[in-house]
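Everything below concerns the one structure shown next.
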There are 2 protein chains.
Amino acid sequence: MPVFITAIVLALSAIPCCLGIWPIPRSLDSGNQILKLSGLFDISINFTNPPQDLLDAVTRTKYSIQTDQLGRLTVGRGSSDSTAFGSAKTLRTLMLALEPSASGAQPIATEAVVALDARDEGYSLSVPSDGSAGVVSANTTLGLLRGLSTFEQLWYTYDRTIYTNYAPLTIVNDSPAYAYRGFMLDTARNFFSVSDIKRTLDAMYLVKINTFHWHITDSQSWPIQVVQFPELAQAGAYSTNESYTPSNIQDVVAYAGERGIDVLVEIDTPGHTAIIGASHPEYVACYLLDWITFASEPPAGQLRLADANIANFTAAVLAAVAETLPSTMFSTGGDEVDMACYAADGPTQMMLNESGRTLFEALDIFTSTTHGALHALGKTAVVWEEMVLEYNTTTLRNDTIVMVWISSDDAAAVVQKGYRIVHAPSNYFYLDCGAGDPIGNDPTGNSWCDPFKTWQESYTFNPLANISSAQVSLVLGGEQLLWTEQSGPENLDSIVWPRAASSAEVFWTGDTLPDGFDRVGNISEALPRLHDVRYRMVQRGIKAIRLQPEWCALRPQECDG
Amino acid sequence: MPVFITAIVLALSAIPCCLGIWPIPRSLDSGNQILKLSGLFDISINFTNPPQDLLDAVTRTKYSIQTDQLGRLTVGRGSSDSTAFGSAKTLRTLMLALEPSASGAQPIATEAVVALDARDEGYSLSVPSDGSAGVVSANTTLGLLRGLSTFEQLWYTYDRTIYTNYAPLTIVNDSPAYAYRGFMLDTARNFFSVSDIKRTLDAMYLVKINTFHWHITDSQSWPIQVVQFPELAQAGAYSTNESYTPSNIQDVVAYAGERGIDVLVEIDTPGHTAIIGASHPEYVACYLLDWITFASEPPAGQLRLADANIANFTAAVLAAVAETLPSTMFSTGGDEVDMACYAADGPTQMMLNESGRTLFEALDIFTSTTHGALHALGKTAVVWEEMVLEYNTTTLRNDTIVMVWISSDDAAAVVQKGYRIVHAPSNYFYLDCGAGDPIGNDPTGNSWCDPFKTWQESYTFNPLANISSAQVSLVLGGEQLLWTEQSGPENLDSIVWPRAASSAEVFWTGDTLPDGFDRVGNISEALPRLHDVRYRMVQRGIKAIRLQPEWCALRPQECDG
């Protein structure tokens, strides 16, 4: 069957070795000609009144291409390319074009927070090899931004010449396989500065991650200053310097929005709230009691959910934060509610007895109160999986988004109940696992979610495992997560990057590479591209770790086993 | 038995909670009074003509105490201490005293490279609570330096007051349980700059690690410029910028020596030498052949050991490097010699046939040649365990130091052969384990030495397990190691610190805490002190990772399970 064989050869050639685009577009046709970037290179816009954040994105893209100074990952770092520089054409212009069907140019930040089912990140990109203008076209400014992030990854520098060696390149209608592609950071176990978060957003932008899930509070600290409830951070932040002012929050949200990133803030309730006891001890059951008995980790303490006043207080806190945020989503958490704590808490038991309610019934009312406050603001609630699978919560709205974390095996059960899910499974996507135990006297130091989740393991995740075809649309996407019991600013970049780029490609590219081959098992094809984006991150000041000796990084496939 | 109980209470009180000295001295008596540091604090020296590096150490100590600005790890970060500032005494002077028996003041750098069995790091320290002068006394300037590193760890800052709250403090004859306390860095898989190494030496100094084992070359790169053999680095370094000039080496050695650290350079032979093929392909068997068949990791290639010319070349290279170094030790490596490679290598087989020798006999002669060159320079050879346990090497001198790496279980077999050992077991001390697989197409990404070695695991290491009492003196000490297949400057600090401090205490303090209790199982006592030294490292610009949420770090034992 020679025709079939030819087809395979052609298909394989669709991803030339080491073309460093991450995530790889869903359609791609690229050549192997050198194309230089003109010293006068500019990016033009084909419509009037472009939003300021698109102009800023253009400025950033031009700056990045000039300053990345990334040598191509091959022996000689591009010296073998340089012989072709003399005869190569030069690219002078990239044009950004909104499709005629587009209904006016909205700011990127506006498009970035459109509800997931309507968000449009698609784009097309052509880079001719003859020096004629390249074009990014899209229906939205958000799509144009995604095209820019692809375009940025084409360029290498050798001896002051900026060039690509993958011209001509054509990408038609690249768009994400899944609408939600996130990264979660816990800023409560240990604190991270705004600049740490911005640097993380820079890396997220580069790999088209579109949601920053900000697990902003937990039992250990309350770093968010809430104007209406100043006591929470005053008593609950590690220090004033280790808390986020309202303008810090807006700064992060604006920075994210310009980079096409939605900020999903989580204030976890009713569990993971011991620190509220620092200012409101009467609101918290089991406050600082023996954590081994009453909590999944120290310190113990969770909101007295059966108390209507406390539910109202909680709803008011959530609303006070949510109303300042442009996202349509807000997470109320809901994981690891400790039943032993409530069983032992006198006030809770008294209120349950008086009302004749079970704990789950009280939790249902508590959730209804807090979610009601969010719905009144037009927000879609996000919760962890126990709210659906363990607590028998009946009042959740159908549009609630459920994050599956305990195990990837739990995803099917959640979608069978009709809820939309975000994959956040500890057995694939928890970046903190495998690096020890934060419990103070454990002589082994093993973590509950050993082993370490390698990028390869995360990369093989199948978002549709055990999901029926009728329920595929309920799978919104997924995210990798950093819980920070044992992390801080010191290791943020190195524990997150490039590993968190794994899921970025899982959920953008989907199961199939543009050459038609399966993406999932194709570690060997992915690794050189992952190296490339890692080295590019390092050039941009993000301290992503190395995945191999440089000897291997410069010699794709030679270190395969 | 009230007397016995009282003794225990007294003993327990010998290490007050959170006294942040790491490693903990072998004898210690400390109080709980506040003592402030005078704004005019100075360190005086009681003898004439002190060596310049001791004067420099004094300057650094004064600078560190002024600039650490470490808040004590307690809620309020020292605010509760401040109420006692008014009535507290002030320390104006620390005196450095050489014991009358000391035979003149040698430079620290000289004392730091004295042969292990004669090296003297002991010191005594007293810090009275009444404001009278503190004293460090020792037989050597190296001992005085160790006393300074202890003294530095006493001081906290609250609102511009520098103070300790552990006065009076007396340490009598603190000295290491083991002479060799090392850290190994592989600078060949990925490159590290001189400033990366110096920052690492700063951290090593702080925890009294006295040997920098510099695994400087390997199959992937040859970053050391050897004057007599310039072709090795010209062809074998990743780039000129990623290589060490002779003055870089001397800079590192001098920086280490001033900090009491001996630099043990390793040029691994005859295996782990593929990169020599980049300049001398005729010297290397299996050069760049299929690594799965011919090497333990890519790339394949090792010196043709049966060739006398190549043995002489190797000896000349080792001698050219060794003669520039003050250490009495030099490592020729000797691990993972690949037998399949030599069996398949035509030139090697021809030479073995011609000489009538077995491979092991040829290896014996090769080793005799290389070690002979080192002995001629007065160096003691260091080798990995296979040289003794697997290759039947008969010409090793009795004074050879053997590093046990494959498993801690192998230590007993090496000492039974009469060799001195350094513990470097992969199952306790390999800092790279558990973070993935550098082989390019492994879908699991699991590493051969999973899991991650937690600080707790390393801390429980028993140097004398299965060692008979007659052979205890053969146990020189141990080291933690960073192989850098998946590490680089980006994660150097975070993957090494504070974990590598574990073995620093294992081998300084030994099995018994100064209160008489076992050190080994006492994770709960160790953790607050390890937090303290970690936070201090961060203040000094070393990005050591967090071990717990800050909530726990400020509340010793409250996060124990």
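Letters A, B, ... mark the chains of the structure tokens in the order given; residue numbers begin at 1 per chain; ligand numbers begin at 1, in order shown.
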
With only C-alpha atoms counted and 8 Å as the cut-off, give the residues of chain B in contact with chain A, each with its shortest interatomic distance in Å and the pair that gives it, as JSON lines.
```
{"residue": "B:Arg189", "atom": "CA", "partner": "A:Pro549", "partner_atom": "CA", "distance": 4.7}
{"residue": "B:Asn190", "atom": "CA", "partner": "A:Pro549", "partner_atom": "CA", "distance": 5.4}
{"residue": "B:Gln220", "atom": "CA", "partner": "A:Trp551", "partner_atom": "CA", "distance": 5.6}
{"residue": "B:Ser221", "atom": "CA", "partner": "A:Trp551", "partner_atom": "CA", "distance": 7.4}
{"residue": "B:Tyr238", "atom": "CA", "partner": "A:Trp551", "partner_atom": "CA", "distance": 7.8}
{"residue": "B:Ile292", "atom": "CA", "partner": "A:Gly561", "partner_atom": "CA", "distance": 6.4}
{"residue": "B:Glu297", "atom": "CA", "partner": "A:Cys559", "partner_atom": "CA", "distance": 7.9}
{"residue": "B:Pro298", "atom": "CA", "partner": "A:Cys559", "partner_atom": "CA", "distance": 5.7}
{"residue": "B:Pro299", "atom": "CA", "partner": "A:Cys559", "partner_atom": "CA", "distance": 7.4}
{"residue": "B:Gly434", "atom": "CA", "partner": "A:Phe452", "partner_atom": "CA", "distance": 6.4}
{"residue": "B:Ala435", "atom": "CA", "partner": "A:Phe452", "partner_atom": "CA", "distance": 6.2}
{"residue": "B:Gly436", "atom": "CA", "partner": "A:Thr454", "partner_atom": "CA", "distance": 5.4}
{"residue": "B:Pro438", "atom": "CA", "partner": "A:Gln548", "partner_atom": "CA", "distance": 5.0}
{"residue": "B:Ile439", "atom": "CA", "partner": "A:Asp560", "partner_atom": "CA", "distance": 5.4}
{"residue": "B:Gly440", "atom": "CA", "partner": "A:Asp560", "partner_atom": "CA", "distance": 4.2}
{"residue": "B:Asn441", "atom": "CA", "partner": "A:Ser524", "partner_atom": "CA", "distance": 4.6}
{"residue": "B:Asp442", "atom": "CA", "partner": "A:Ile523", "partner_atom": "CA", "distance": 7.0}
{"residue": "B:Pro443", "atom": "CA", "partner": "A:Gln456", "partner_atom": "CA", "distance": 5.4}
{"residue": "B:Thr444", "atom": "CA", "partner": "A:Glu457", "partner_atom": "CA", "distance": 5.3}
{"residue": "B:Gly445", "atom": "CA", "partner": "A:Gln456", "partner_atom": "CA", "distance": 5.5}
{"residue": "B:Asn446", "atom": "CA", "partner": "A:Thr454", "partner_atom": "CA", "distance": 7.3}
{"residue": "B:Pro451", "atom": "CA", "partner": "A:Pro451", "partner_atom": "CA", "distance": 6.8}
{"residue": "B:Phe452", "atom": "CA", "partner": "A:Ala435", "partner_atom": "CA", "distance": 6.2}
{"residue": "B:Lys453", "atom": "CA", "partner": "A:Gly436", "partner_atom": "CA", "distance": 8.0}
{"residue": "B:Thr454", "atom": "CA", "partner": "A:Gly436", "partner_atom": "CA", "distance": 5.4}
{"residue": "B:Trp455", "atom": "CA", "partner": "A:Gly445", "partner_atom": "CA", "distance": 7.3}
{"residue": "B:Gln456", "atom": "CA", "partner": "A:Pro443", "partner_atom": "CA", "distance": 5.4}
{"residue": "B:Glu457", "atom": "CA", "partner": "A:Thr444", "partner_atom": "CA", "distance": 5.3}
{"residue": "B:Thr460", "atom": "CA", "partner": "A:Pro443", "partner_atom": "CA", "distance": 7.3}
{"residue": "B:Thr484", "atom": "CA", "partner": "A:Pro549", "partner_atom": "CA", "distance": 7.1}
{"residue": "B:Glu485", "atom": "CA", "partner": "A:Pro549", "partner_atom": "CA", "distance": 4.7}
{"residue": "B:Gln486", "atom": "CA", "partner": "A:Leu547", "partner_atom": "CA", "distance": 4.8}
{"residue": "B:Ser487", "atom": "CA", "partner": "A:Arg546", "partner_atom": "CA", "distance": 5.4}
{"residue": "B:Gly488", "atom": "CA", "partner": "A:Arg546", "partner_atom": "CA", "distance": 6.2}
{"residue": "B:Glu490", "atom": "CA", "partner": "A:Lys543", "partner_atom": "CA", "distance": 4.9}
{"residue": "B:Asn491", "atom": "CA", "partner": "A:Ser494", "partner_atom": "CA", "distance": 5.7}
{"residue": "B:Ser494", "atom": "CA", "partner": "A:Asn491", "partner_atom": "CA", "distance": 5.7}
{"residue": "B:Gly521", "atom": "CA", "partner": "A:Pro443", "partner_atom": "CA", "distance": 6.8}
{"residue": "B:Asn522", "atom": "CA", "partner": "A:Asn441", "partner_atom": "CA", "distance": 7.7}
{"residue": "B:Ile523", "atom": "CA", "partner": "A:Asn441", "partner_atom": "CA", "distance": 5.2}
{"residue": "B:Ser524", "atom": "CA", "partner": "A:Asn441", "partner_atom": "CA", "distance": 4.6}
{"residue": "B:Leu527", "atom": "CA", "partner": "A:Gly440", "partner_atom": "CA", "distance": 6.7}
{"residue": "B:Lys543", "atom": "CA", "partner": "A:Glu490", "partner_atom": "CA", "distance": 4.9}
{"residue": "B:Ala544", "atom": "CA", "partner": "A:Glu490", "partner_atom": "CA", "distance": 6.5}
{"residue": "B:Ile545", "atom": "CA", "partner": "A:Glu490", "partner_atom": "CA", "distance": 5.9}
{"residue": "B:Arg546", "atom": "CA", "partner": "A:Gln486", "partner_atom": "CA", "distance": 5.0}
{"residue": "B:Leu547", "atom": "CA", "partner": "A:Gln486", "partner_atom": "CA", "distance": 4.8}
{"residue": "B:Gln548", "atom": "CA", "partner": "A:Pro438", "partner_atom": "CA", "distance": 5.0}
{"residue": "B:Pro549", "atom": "CA", "partner": "A:Arg189", "partner_atom": "CA", "distance": 4.7}
{"residue": "B:Glu550", "atom": "CA", "partner": "A:Asn190", "partner_atom": "CA", "distance": 6.0}
{"residue": "B:Trp551", "atom": "CA", "partner": "A:Gln220", "partner_atom": "CA", "distance": 5.6}
{"residue": "B:Cys552", "atom": "CA", "partner": "A:Pro298", "partner_atom": "CA", "distance": 7.9}
{"residue": "B:Gln557", "atom": "CA", "partner": "A:Gly440", "partner_atom": "CA", "distance": 6.5}
{"residue": "B:Glu558", "atom": "CA", "partner": "A:Pro298", "partner_atom": "CA", "distance": 7.6}
{"residue": "B:Cys559", "atom": "CA", "partner": "A:Gly440", "partner_atom": "CA", "distance": 5.5}
{"residue": "B:Asp560", "atom": "CA", "partner": "A:Gly440", "partner_atom": "CA", "distance": 4.2}
{"residue": "B:Gly561", "atom": "CA", "partner": "A:Ile439", "partner_atom": "CA", "distance": 6.1}
```

As a PyMOL selection string, please: the residues near stretch 392-394 of chain A (cut-off 8 Å, only C-alpha atoms, same-chain neighbours under 4 positions excluded). chain A and resi 360-361+363-364+387-388

Would you output that residue set with N, CA, C and O atoms, as an mmCIF file, in the first residue's frame?
```cif
data_model
loop_
_atom_site.group_PDB
_atom_site.id
_atom_site.type_symbol
_atom_site.label_atom_id
_atom_site.label_comp_id
_atom_site.auth_asym_id
_atom_site.auth_seq_id
_atom_site.Cartn_x
_atom_site.Cartn_y
_atom_site.Cartn_z
ATOM 1 N N PHE A 360 -25.717 17.579 56.811
ATOM 2 C CA PHE A 360 -25.765 17.792 55.360
ATOM 3 C C PHE A 360 -26.879 18.761 54.968
ATOM 4 O O PHE A 360 -26.729 19.555 54.044
ATOM 5 N N GLU A 361 -27.996 18.688 55.663
ATOM 6 C CA GLU A 361 -29.084 19.652 55.378
ATOM 7 C C GLU A 361 -28.624 21.072 55.710
ATOM 8 O O GLU A 361 -28.904 22.020 54.974
ATOM 9 N N LEU A 363 -25.543 22.073 55.697
ATOM 10 C CA LEU A 363 -24.546 22.432 54.686
ATOM 11 C C LEU A 363 -25.241 22.881 53.401
ATOM 12 O O LEU A 363 -24.790 23.812 52.722
ATOM 13 N N ASP A 364 -26.333 22.217 53.098
ATOM 14 C CA ASP A 364 -27.098 22.574 51.912
ATOM 15 C C ASP A 364 -27.606 24.016 52.013
ATOM 16 O O ASP A 364 -27.517 24.803 51.061
ATOM 17 N N MET A 387 -18.609 18.283 47.314
ATOM 18 C CA MET A 387 -19.922 18.925 47.398
ATOM 19 C C MET A 387 -20.964 18.124 46.611
ATOM 20 O O MET A 387 -22.152 18.130 46.933
ATOM 21 N N VAL A 388 -20.521 17.420 45.606
ATOM 22 C CA VAL A 388 -21.433 16.619 44.789
ATOM 23 C C VAL A 388 -21.401 15.142 45.196
ATOM 24 O O VAL A 388 -22.437 14.493 45.292
#
```

Gap from atom CA of A:Gln66 to atom CA of A:Thr161 - Å, one decimal: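 Between atom CA of A:Gln66 and atom CA of A:Thr161 the gap is 9.9 Å.
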
Can you measure atom CA of A:Thr324 to atom CA of A:Gly236 for me? One decimal in Å is fine.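 Straight-line distance from atom CA of A:Thr324 to atom CA of A:Gly236 works out to 20.7 Å.
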
For B:His215, please output as a PyMOL selection string all residues within 12 Å (counting only C-alpha atoms; exclusion window: fewer than 5 positions along the same chain). chain B and resi 183-192+221-224+263-269+272+330-333+382-384+481-484

Based on the backbone DSSP call, show me all residues of stretch 82-115 of chain A assigned strand (DSSP E), as a PyMOL selection string. chain A and resi 89-98
